[in-house]
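S.K.: If it helps, the file is called target-v1.csv and holds CSV, C-alpha atoms:
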chain,number,residue,atom,x,y,z
A,1,GLY,CA,93.7,102.9,84.1
A,2,ASP,CA,94.7,106.5,83.9
A,3,LEU,CA,98.2,107.6,83.5
A,4,GLY,CA,99.3,111.1,84.4
A,5,PRO,CA,100.4,113.7,81.8
A,6,PHE,CA,103.9,112.9,80.6
A,7,ASN,CA,106.0,116.1,80.7
A,8,PRO,CA,109.6,115.8,79.8
A,9,GLY,CA,111.9,116.3,82.9
A,10,LEU,CA,109.1,116.0,85.5
A,11,PRO,CA,108.8,112.8,87.5
A,12,VAL,CA,105.5,110.9,87.2
A,13,GLU,CA,104.1,107.8,88.9
A,14,VAL,CA,103.4,104.8,86.7
A,15,PRO,CA,102.7,101.1,87.3
A,16,LEU,CA,105.8,99.0,87.6
A,17,TRP,CA,105.4,97.0,84.4
A,18,LEU,CA,105.2,100.2,82.4
A,19,ALA,CA,108.3,101.7,84.1
A,20,ILE,CA,110.4,98.6,83.4
A,21,ASN,CA,109.2,98.5,79.8
A,22,LEU,CA,110.0,102.2,79.2
A,23,LYS,CA,113.4,101.8,80.8
A,24,GLN,CA,114.2,98.8,78.5
A,25,ARG,CA,113.3,101.0,75.6
A,26,GLN,CA,115.6,103.6,77.1
A,27,LYS,CA,113.0,106.2,77.2
A,28,CYS,CA,113.2,107.1,80.8
A,29,ARG,CA,115.1,107.1,84.1
A,30,LEU,CA,113.7,105.4,87.2
A,31,LEU,CA,113.7,107.0,90.6
A,32,PRO,CA,114.2,104.5,93.5
A,33,PRO,CA,111.4,104.4,96.1
A,34,GLU,CA,112.0,106.3,99.3
A,35,TRP,CA,112.7,103.3,101.4
A,36,MET,CA,115.5,102.0,99.1
A,37,ASP,CA,118.2,103.8,101.0
A,38,VAL,CA,121.2,102.2,102.7
A,39,GLU,CA,120.7,103.6,106.2
A,40,LYS,CA,117.0,103.0,106.3
A,41,LEU,CA,117.5,99.4,105.2
A,42,GLU,CA,120.2,98.8,107.7
A,43,LYS,CA,117.9,100.0,110.5
A,44,MET,CA,115.2,97.7,109.3
A,45,ARG,CA,117.5,94.8,109.0
A,46,ASP,CA,118.7,95.2,112.5
A,47,HIS,CA,115.2,95.6,113.8
A,48,GLU,CA,114.1,92.4,112.0
A,49,ARG,CA,117.0,90.5,113.5
A,50,LYS,CA,116.2,91.6,117.1
A,51,GLU,CA,112.5,90.9,116.9
A,52,GLU,CA,111.1,87.4,117.2
A,53,THR,CA,108.0,88.1,115.2
A,54,PHE,CA,107.8,89.7,111.8
A,55,THR,CA,108.2,93.4,111.5
A,56,PRO,CA,106.4,95.5,109.0
A,57,MET,CA,108.2,95.8,105.7
A,58,PRO,CA,108.6,99.1,103.8
A,59,SER,CA,106.4,97.8,101.0
A,60,PRO,CA,104.4,94.7,100.6
A,61,TYR,CA,106.4,94.0,97.4
A,62,TYR,CA,109.9,94.9,98.6
A,63,MET,CA,111.5,91.7,97.3
A,64,GLU,CA,110.0,92.0,93.8
A,65,LEU,CA,110.7,95.7,93.6
A,66,THR,CA,114.3,95.3,94.6
A,67,LYS,CA,114.9,92.5,92.2
A,68,LEU,CA,113.4,94.2,89.2
A,69,LEU,CA,114.8,97.6,89.9
A,70,LEU,CA,118.3,96.3,90.5
A,71,ASN,CA,118.2,94.2,87.4
A,72,HIS,CA,116.9,96.8,85.0
A,73,ALA,CA,117.8,100.2,86.5
A,74,SER,CA,120.8,99.7,88.7
A,75,ASP,CA,122.4,102.8,87.1
A,76,ASN,CA,119.6,104.9,88.6
A,77,ILE,CA,120.0,103.6,92.1
A,78,PRO,CA,122.8,104.7,94.3
A,79,LYS,CA,124.8,102.0,96.1
A,80,ALA,CA,122.9,99.2,94.3
A,81,ASP,CA,125.1,96.4,95.6
A,82,GLU,CA,124.9,97.3,99.2
A,83,ILE,CA,121.1,97.5,98.9
A,84,ARG,CA,121.0,94.1,97.3
A,85,THR,CA,123.0,92.6,100.2
A,86,LEU,CA,120.9,94.4,102.8
A,87,VAL,CA,117.6,93.3,101.3
A,88,LYS,CA,118.9,89.7,100.9
A,89,ASP,CA,119.8,89.7,104.6
A,90,MET,CA,116.3,90.8,105.6
A,91,TRP,CA,114.9,88.2,103.3
A,92,ASP,CA,117.0,85.4,104.8
A,93,THR,CA,116.1,86.4,108.4
A,94,ARG,CA,112.4,86.4,107.6
A,95,ILE,CA,112.5,83.1,105.8
A,96,ALA,CA,114.4,81.6,108.7
A,97,LYS,CA,111.7,82.8,111.1
A,98,LEU,CA,109.1,81.5,108.7
A,99,ARG,CA,110.7,78.1,108.7
A,100,VAL,CA,110.9,77.9,112.4
A,101,SER,CA,107.3,79.0,112.9
A,102,ALA,CA,106.0,76.6,110.2
A,103,ASP,CA,107.9,73.8,112.0
A,104,SER,CA,106.3,74.5,115.3
A,105,PHE,CA,102.9,74.9,113.6
A,106,VAL,CA,103.1,71.4,112.2
A,107,ARG,CA,104.6,70.0,115.4
A,108,GLN,CA,101.9,71.3,117.7
A,109,GLN,CA,99.2,70.6,115.2
A,110,GLU,CA,97.6,74.0,115.4
A,111,ALA,CA,94.6,74.6,113.4
A,112,HIS,CA,95.1,78.3,112.7
A,113,ALA,CA,97.9,80.8,112.4
A,114,LYS,CA,98.0,84.6,112.2
A,115,LEU,CA,100.7,85.9,109.8
A,116,ASP,CA,100.6,89.7,109.6
A,117,ASN,CA,103.5,91.6,108.2
A,118,LEU,CA,104.4,88.7,105.9
A,119,THR,CA,104.7,89.8,102.3
A,120,LEU,CA,103.1,87.7,99.4
A,121,MET,CA,106.5,86.7,98.1
A,122,GLU,CA,107.4,85.0,101.4
A,123,ILE,CA,104.1,83.4,101.7
A,124,ASN,CA,104.1,82.0,98.2
A,125,THR,CA,107.7,80.8,98.5
A,126,SER,CA,107.0,78.4,101.3
A,127,GLY,CA,103.2,78.4,101.0
A,128,THR,CA,102.5,75.6,98.6
A,129,PHE,CA,104.8,73.2,100.4
A,130,LEU,CA,103.3,74.2,103.7
A,131,THR,CA,99.7,73.9,102.7
A,132,GLN,CA,100.3,70.5,101.1
A,133,ALA,CA,102.1,69.2,104.1
A,134,LEU,CA,99.3,70.4,106.4
A,135,ASN,CA,96.7,68.8,104.2
A,136,HIS,CA,98.5,65.5,104.4
A,137,MET,CA,98.9,65.8,108.1
A,138,TYR,CA,95.2,66.6,108.5
A,139,LYS,CA,94.2,63.5,106.6
A,140,LEU,CA,96.5,61.3,108.5
A,141,ARG,CA,95.2,62.7,111.8
A,142,THR,CA,91.5,62.4,111.0
A,143,ASN,CA,91.9,58.9,109.7
A,144,LEU,CA,93.2,57.9,113.1
A,145,GLN,CA,89.7,58.5,114.5
A,146,PRO,CA,86.8,56.2,113.7
A,147,SER,CA,85.3,57.8,110.7
A,148,GLU,CA,81.7,57.7,109.5
A,149,SER,CA,81.1,56.0,106.2
A,150,THR,CA,81.5,58.4,103.4
A,151,GLN,CA,79.6,58.2,100.2
A,152,SER,CA,82.3,59.0,97.8
A,153,GLN,CA,86.0,59.0,98.0
A,154,ASP,CA,87.7,62.0,99.4
A,155,PHE,CA,90.7,63.2,97.5
B,1,MET,CA,89.0,105.2,79.5
B,2,THR,CA,87.5,107.0,82.4
B,3,GLU,CA,84.0,106.4,81.5
B,4,GLU,CA,81.8,104.7,84.0
B,5,LEU,CA,80.0,101.5,83.3
B,6,ASP,CA,76.5,100.5,84.1
B,7,PHE,CA,75.5,96.9,84.1
B,8,LEU,CA,72.4,95.0,85.1
B,9,GLY,CA,72.6,92.0,87.3
B,10,GLN,CA,71.6,88.8,85.5
B,11,ASP,CA,68.9,86.2,85.7
B,12,SER,CA,69.7,84.2,88.8
B,13,ASP,CA,69.9,87.3,91.0
B,14,GLY,CA,66.1,87.6,90.9
B,15,GLY,CA,65.5,91.1,89.7
B,16,SER,CA,67.9,93.5,88.1
B,17,GLU,CA,70.3,95.6,90.0
B,18,GLU,CA,72.2,98.5,88.6
B,19,VAL,CA,75.7,98.9,89.8
B,20,VAL,CA,78.1,101.5,88.5
B,21,LEU,CA,81.7,100.4,88.4
B,22,THR,CA,84.7,102.4,87.2
B,23,PRO,CA,87.0,100.4,85.0
B,24,ALA,CA,89.7,100.4,87.7
B,25,GLU,CA,87.3,98.8,90.2
B,26,LEU,CA,86.2,96.3,87.6
B,27,ILE,CA,89.8,95.2,87.1
B,28,GLU,CA,90.3,95.0,90.8
B,29,ARG,CA,87.3,92.8,91.2
B,30,LEU,CA,88.5,90.6,88.4
B,31,GLU,CA,91.9,90.2,90.1
B,32,GLN,CA,90.2,89.4,93.4
B,33,ALA,CA,88.0,86.7,91.7
B,34,TRP,CA,91.0,85.4,89.9
B,35,MET,CA,93.1,85.0,93.1
B,36,ASN,CA,90.2,83.5,95.0
B,37,GLU,CA,89.6,81.0,92.3
B,38,LYS,CA,93.2,80.0,92.1
B,39,PHE,CA,93.6,79.2,95.8
B,40,ALA,CA,90.2,77.8,96.6
B,41,PRO,CA,90.0,74.0,96.5
B,42,GLU,CA,86.5,74.0,95.0
B,43,LEU,CA,84.8,75.7,92.1
B,44,LEU,CA,83.5,79.1,93.3
B,45,GLU,CA,80.4,81.0,92.2
B,46,SER,CA,80.5,82.1,88.6
B,47,LYS,CA,80.7,85.9,88.1
B,48,PRO,CA,79.1,86.5,84.7
B,49,GLU,CA,78.9,90.2,85.3
B,50,ILE,CA,82.6,90.7,85.8
B,51,VAL,CA,83.5,88.5,82.8
B,52,GLU,CA,81.1,90.1,80.4
B,53,CYS,CA,82.1,93.6,81.5
B,54,VAL,CA,85.7,93.0,81.1
B,55,MET,CA,85.3,91.5,77.7
B,56,GLU,CA,83.2,94.5,76.7
B,57,GLN,CA,85.9,96.8,78.0
B,58,LEU,CA,88.6,95.0,76.1
B,59,GLU,CA,86.6,95.2,72.8
B,60,HIS,CA,86.0,98.9,73.5
B,61,MET,CA,89.7,99.5,74.0
B,62,GLU,CA,90.6,97.6,70.9
B,63,GLU,CA,88.2,99.7,68.8
B,64,ASN,CA,89.7,102.8,70.2
B,65,LEU,CA,93.1,101.7,69.4
B,66,ARG,CA,92.2,100.9,65.8
B,67,ARG,CA,90.8,104.3,65.3
B,68,ALA,CA,93.6,106.2,67.0
B,69,LYS,CA,96.5,107.7,65.1
B,70,ARG,CA,99.8,105.9,64.9
B,71,GLU,CA,101.4,107.5,68.0
B,72,ASP,CA,103.7,104.7,68.9
B,73,LEU,CA,104.1,105.2,72.6
B,74,LYS,CA,100.4,105.6,73.6
B,75,VAL,CA,99.2,102.8,71.4
B,76,SER,CA,101.8,100.3,72.6
B,77,ILE,CA,101.2,101.2,76.2
B,78,HIS,CA,97.5,100.6,75.8
B,79,GLN,CA,98.2,97.4,74.0
B,80,MET,CA,100.4,96.2,76.9
B,81,GLU,CA,97.6,97.0,79.3
B,82,MET,CA,95.1,95.1,77.3
B,83,GLU,CA,97.4,92.1,77.1
B,84,ARG,CA,97.8,92.1,80.8
B,85,ILE,CA,94.0,92.2,81.4
B,86,ARG,CA,93.4,89.6,78.8
B,87,TYR,CA,95.9,87.3,80.6
B,88,VAL,CA,94.2,87.7,83.9
B,89,LEU,CA,90.8,87.0,82.4
B,90,SER,CA,91.9,83.9,80.5
B,91,SER,CA,93.9,82.6,83.5
B,92,TYR,CA,90.7,82.9,85.6
B,93,LEU,CA,88.6,81.1,83.0
B,94,ARG,CA,91.2,78.4,82.6
B,95,CYS,CA,91.4,77.8,86.3
B,96,ARG,CA,87.6,77.3,86.4
B,97,LEU,CA,87.6,75.0,83.5
B,98,MET,CA,90.4,72.9,85.1
B,99,LYS,CA,88.3,72.6,88.3
B,100,ILE,CA,85.2,71.7,86.3
B,101,GLU,CA,87.2,68.9,84.5
B,102,LYS,CA,88.6,67.7,87.7
B,103,PHE,CA,85.4,67.5,89.7
B,104,PHE,CA,82.8,67.2,87.0
B,105,PRO,CA,80.3,64.7,88.5
B,106,HIS,CA,80.1,66.7,91.8
B,107,VAL,CA,79.8,70.0,90.0
B,108,LEU,CA,76.9,68.7,87.9
B,109,GLU,CA,75.3,67.1,90.9
B,110,LYS,CA,75.5,70.4,92.8
B,111,GLU,CA,73.9,72.2,89.9
B,112,LYS,CA,71.1,69.8,89.7
B,113,THR,CA,70.3,70.0,93.4
B,114,ARG,CA,70.8,73.8,93.7
B,115,PRO,CA,67.8,75.5,95.4
B,116,GLU,CA,66.0,78.3,93.6
B,117,GLY,CA,67.5,81.7,94.2
B,118,GLU,CA,71.0,80.5,95.1
B,119,PRO,CA,73.6,81.8,92.6
B,120,SER,CA,75.0,79.2,90.3
B,121,SER,CA,78.6,78.2,90.3
B,122,LEU,CA,78.5,77.6,86.5
B,123,SER,CA,77.8,80.0,83.7
B,124,PRO,CA,75.5,78.6,80.9
B,125,GLU,CA,78.5,77.9,78.7
B,126,GLU,CA,80.4,76.1,81.5
B,127,LEU,CA,77.3,74.0,82.2
B,128,ALA,CA,77.1,72.9,78.6
B,129,PHE,CA,80.8,72.2,78.7
B,130,ALA,CA,80.5,70.1,81.9
B,131,ARG,CA,77.6,68.1,80.5
B,132,GLU,CA,79.4,67.4,77.3
B,133,PHE,CA,82.5,66.4,79.1
B,134,MET,CA,80.6,64.0,81.3
B,135,VAL,CA,78.9,62.4,78.3
B,136,ASN,CA,82.2,62.1,76.4
B,137,THR,CA,84.0,60.6,79.4
B,138,GLU,CA,81.3,58.0,79.9
B,139,THR,CA,81.2,57.1,76.2
B,140,TYR,CA,85.0,56.9,76.1
B,141,LEU,CA,85.2,54.6,79.2
B,142,LYS,CA,82.4,52.4,77.8
B,143,ASN,CA,84.0,52.0,74.4
B,144,VAL,CA,87.5,51.5,75.6
B,145,ALA,CA,87.0,49.3,78.6
B,146,LEU,CA,83.6,48.6,79.9
B,147,LYS,CA,82.3,47.0,76.8
B,148,HIS,CA,84.8,44.2,77.2
B,149,MET,CA,84.1,43.5,80.8
B,150,PRO,CA,81.7,40.8,82.1
B,151,PRO,CA,78.1,42.1,82.0
B,152,ASN,CA,77.7,42.7,85.7
B,153,LEU,CA,80.7,45.0,86.0
B,154,GLN,CA,79.7,47.2,83.1
B,155,LYS,CA,78.6,50.2,85.1
B,156,VAL,CA,80.9,52.7,86.6
B,157,ASP,CA,79.5,55.3,89.1
B,158,LEU,CA,81.4,58.4,88.3
B,159,PHE,CA,80.1,60.2,91.3
B,160,ARG,CA,81.9,57.7,93.5
B,161,ALA,CA,84.9,57.2,91.3
B,162,VAL,CA,86.0,60.8,91.0
B,163,PRO,CA,87.4,62.4,94.1
B,164,LYS,CA,85.5,65.2,95.8
B,165,PRO,CA,87.1,68.6,96.2
B,166,ASP,CA,89.1,68.7,99.4
B,167,LEU,CA,87.4,71.3,101.5
B,168,ASP,CA,89.8,70.7,104.4
B,169,SER,CA,92.8,72.0,102.7
B,170,TYR,CA,94.7,74.9,104.2
B,171,VAL,CA,94.6,78.3,102.6
B,172,PHE,CA,96.2,81.7,103.3
B,173,LEU,CA,93.9,84.6,103.5
B,174,ARG,CA,93.8,88.3,104.1
B,175,VAL,CA,90.8,89.9,105.9
B,176,ARG,CA,88.9,92.6,104.2
B,177,GLU,CA,86.1,93.1,106.6
B,178,ARG,CA,86.4,92.5,110.3
B,179,GLN,CA,84.8,89.2,111.4
B,180,GLU,CA,84.1,88.0,114.9
B,181,ASN,CA,83.7,84.7,116.4
B,182,ILE,CA,84.9,82.4,113.7
B,183,LEU,CA,84.8,78.9,115.1
B,184,VAL,CA,88.0,76.9,114.6
B,185,GLU,CA,87.3,73.2,114.8
B,186,PRO,CA,89.9,71.0,116.4
B,187,ASP,CA,91.8,68.5,114.3
B,188,THR,CA,92.0,66.0,117.1
B,189,ASP,CA,89.7,65.1,119.9
B,190,GLU,CA,92.1,66.5,122.5
B,191,GLN,CA,91.8,70.0,121.3
B,192,ARG,CA,88.7,72.0,122.0
B,193,ASP,CA,86.9,74.3,119.6
B,194,TYR,CA,88.0,77.9,120.0
B,195,VAL,CA,86.8,81.1,118.5
B,196,ILE,CA,88.9,83.8,116.9
B,197,ASP,CA,88.3,87.2,115.7
B,198,LEU,CA,89.5,88.3,112.3
B,199,GLU,CA,90.9,91.9,112.3
B,200,LYS,CA,90.8,93.9,109.1
B,201,GLY,CA,94.0,93.7,107.2
B,202,SER,CA,95.5,90.7,109.0
B,203,GLN,CA,96.6,87.6,107.3
B,204,HIS,CA,95.9,84.0,108.4
B,205,LEU,CA,96.5,80.4,107.6
B,206,ILE,CA,93.5,78.2,108.2
B,207,ARG,CA,91.4,75.4,106.8
B,208,TYR,CA,89.2,76.3,103.8
B,209,LYS,CA,86.1,74.8,105.3
B,210,THR,CA,86.0,77.2,108.2
B,211,ILE,CA,86.0,80.3,106.1
B,212,ALA,CA,84.3,79.1,102.9
B,213,PRO,CA,81.2,81.4,103.4
B,214,LEU,CA,83.4,84.4,104.0
B,215,VAL,CA,85.1,83.9,100.7
B,216,ALA,CA,81.8,83.7,98.9
B,217,SER,CA,80.6,86.9,100.5
B,218,GLY,CA,83.9,88.8,99.8
B,219,ALA,CA,84.8,89.4,103.5
B,220,VAL,CA,88.2,87.7,103.1
B,221,GLN,CA,90.6,87.4,100.1
B,222,LEU,CA,92.6,84.2,99.5
B,223,ILE,CA,96.3,84.9,98.8
Can I see the file as structure tokens?

M.R.:
Amino acid sequence: GDLGPFNPGLPVEVPLWLAINLKQRQKCRLLPPEWMDVEKLEKMRDHERKEETFTPMPSPYYMELTKLLLNHASDNIPKADEIRTLVKDMWDTRIAKLRVSADSFVRQQEAHAKLDNLTLMEINTSGTFLTQALNHMYKLRTNLQPSESTQSQDF
Amino acid sequence: MTEELDFLGQDSDGGSEEVVLTPAELIERLEQAWMNEKFAPELLESKPEIVECVMEQLEHMEENLRRAKREDLKVSIHQMEMERIRYVLSSYLRCRLMKIEKFFPHVLEKEKTRPEGEPSSLSPEELAFAREFMVNTETYLKNVALKHMPPNLQKVDLFRAVPKPDLDSYVFLRVRERQENILVEPDTDEQRDYVIDLEKGSQHLIRYKTIAPLVASGAVQLI
């Protein structure tokens, strides 16, 4: 890809992997994203706690960004510890909601679920377990019904 | 690095198409193919154009780097980017090979019975690999076990012995183009079929079988 002209002293946008690498080589200073601010995060966390469904997150990668930035560049981020706690609170709330909804999904044997506003990290944290559980349940259910003879074994 | 690429569509597409892709779009397509392949329970269509173009680009970049002066920062950044792209490409190919090894009789059978004009799910190299793998497995089984069994048990039908890919497994997906009236089949007899609309940008959890054609056409992206 293309990367903007690097002029000393002027902020420039780069991909995350490059930013972390340059920071590790101590060649730059990282600027936190706009949403990584204590008041904004507090508001979002309270909003998330009130709502029953998932609220839109400031960035589809908020968890990864927080972790990486706080680990490598916490000196560039004001109030890093508070931010860490706030983001962790939001994460815990969302994972709890996810667990509840996965539970009801399996219990009511739904065939389909809509999950907007879930970030990839959350999906993949519980996703493998959930899909495997659903696969097993599906097999158990369909085997209860008289099945046609199949030519080869199904997995 | 900002040059545009031309490439011609290959054999099984019936006639050549010229598509112009910027490198950024090519990488994006590679990542999409990679994610789809990772989460799909079966072997997806092979994408020879993307693979070849990415390899061409990588060679191109390597040549440029060799010729360039020893400016440490630029060279190392480009090297990092190349490593990342190389990782995605090899992970994609590795995933396909793993699926070929896992389901080899079914993959070969599908290839044999494929109608003319339908794109293949195996590149020529993968086809050769699958065939060799089949022959090797058969020979191995024969020499290690079957030879010593009583004569009427000496055949093994690999097609029946190897499990089929599980098309009913659940997958997560994100919708890229709006779709209407997707039929969701019931799991049990008590539930009735119902239709759902897929809005652009929404995410869902559903059985793979229902949306398999959408993955092939690129209307949804597995995540």

S.K.: Which value, in Å to one decimal, gives the distance between atom CA of B:Val175 and atom CA of B:Val88?

M.R.: 22.4 Å

S.K.: Choose the residue, out of B:Ser123, B:Gln32, B:Ser76, B:Asn64, that has the smallest atom-to-atom separation from chain A; count only C-alpha atoms.

M.R.: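 Answer, going by the shortest atom-to-atom distance: B:Ser76.
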
S.K.: Kindly determine which residues of chain B lie within 6 Å of chain A, considering all atoms listed in the file, and give the answer as a ChimeraX atom specification.

M.R.: /B:24,160,163-164,169-170,202-206

S.K.: Write the residues of the preceding selection, restricted to C-alpha atoms, as an mmCIF file, in the frame of the given file.

M.R.:
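File out_13.cif, as written:
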data_model
loop_
_atom_site.group_PDB
_atom_site.id
_atom_site.type_symbol
_atom_site.label_atom_id
_atom_site.label_comp_id
_atom_site.auth_asym_id
_atom_site.auth_seq_id
_atom_site.Cartn_x
_atom_site.Cartn_y
_atom_site.Cartn_z
ATOM 1 C CA ALA B 24 89.700 100.400 87.700
ATOM 2 C CA ARG B 160 81.900 57.700 93.500
ATOM 3 C CA PRO B 163 87.400 62.400 94.100
ATOM 4 C CA LYS B 164 85.500 65.200 95.800
ATOM 5 C CA SER B 169 92.800 72.000 102.700
ATOM 6 C CA TYR B 170 94.700 74.900 104.200
ATOM 7 C CA SER B 202 95.500 90.700 109.000
ATOM 8 C CA GLN B 203 96.600 87.600 107.300
ATOM 9 C CA HIS B 204 95.900 84.000 108.400
ATOM 10 C CA LEU B 205 96.500 80.400 107.600
ATOM 11 C CA ILE B 206 93.500 78.200 108.200
#

S.K.: Which polymer residues have any atom within 12 Å of an atom of B:Leu214, counting only C-alpha atoms, with same-chain residues fewer than 4 positions away left out, as a ChimeraX atom specification?

M.R.: /B:36,44,173-180,182,198,208-210,218-222

S.K.: Could you please determine the separation between atom CA of B:Lys102 and atom CA of A:Glu122 in Å, to one decimal place?

M.R.: 29.0 Å

S.K.: Do you have the atom CA of B:Arg96-atom CA of B:Asp166 distance handy?

M.R.: 15.7 Å

S.K.: Mind checking which residues fall within 9 Å of stretch 131-142 of chain B, counting all atoms listed in the file, ignoring those fewer than 6 positions away in the same chain, and posting them as a PyMOL selection string?

M.R.: chain B and resi 101+104-105+108+148+154-156+158

S.K.: Restricting the calculation to all atoms listed in the file: of A:Ile77, A:Met90, A:Met57, A:Leu65, which residue gets closest to A:Leu30?

M.R.: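 Smallest distance to A:Leu30 is found for A:Ile77.
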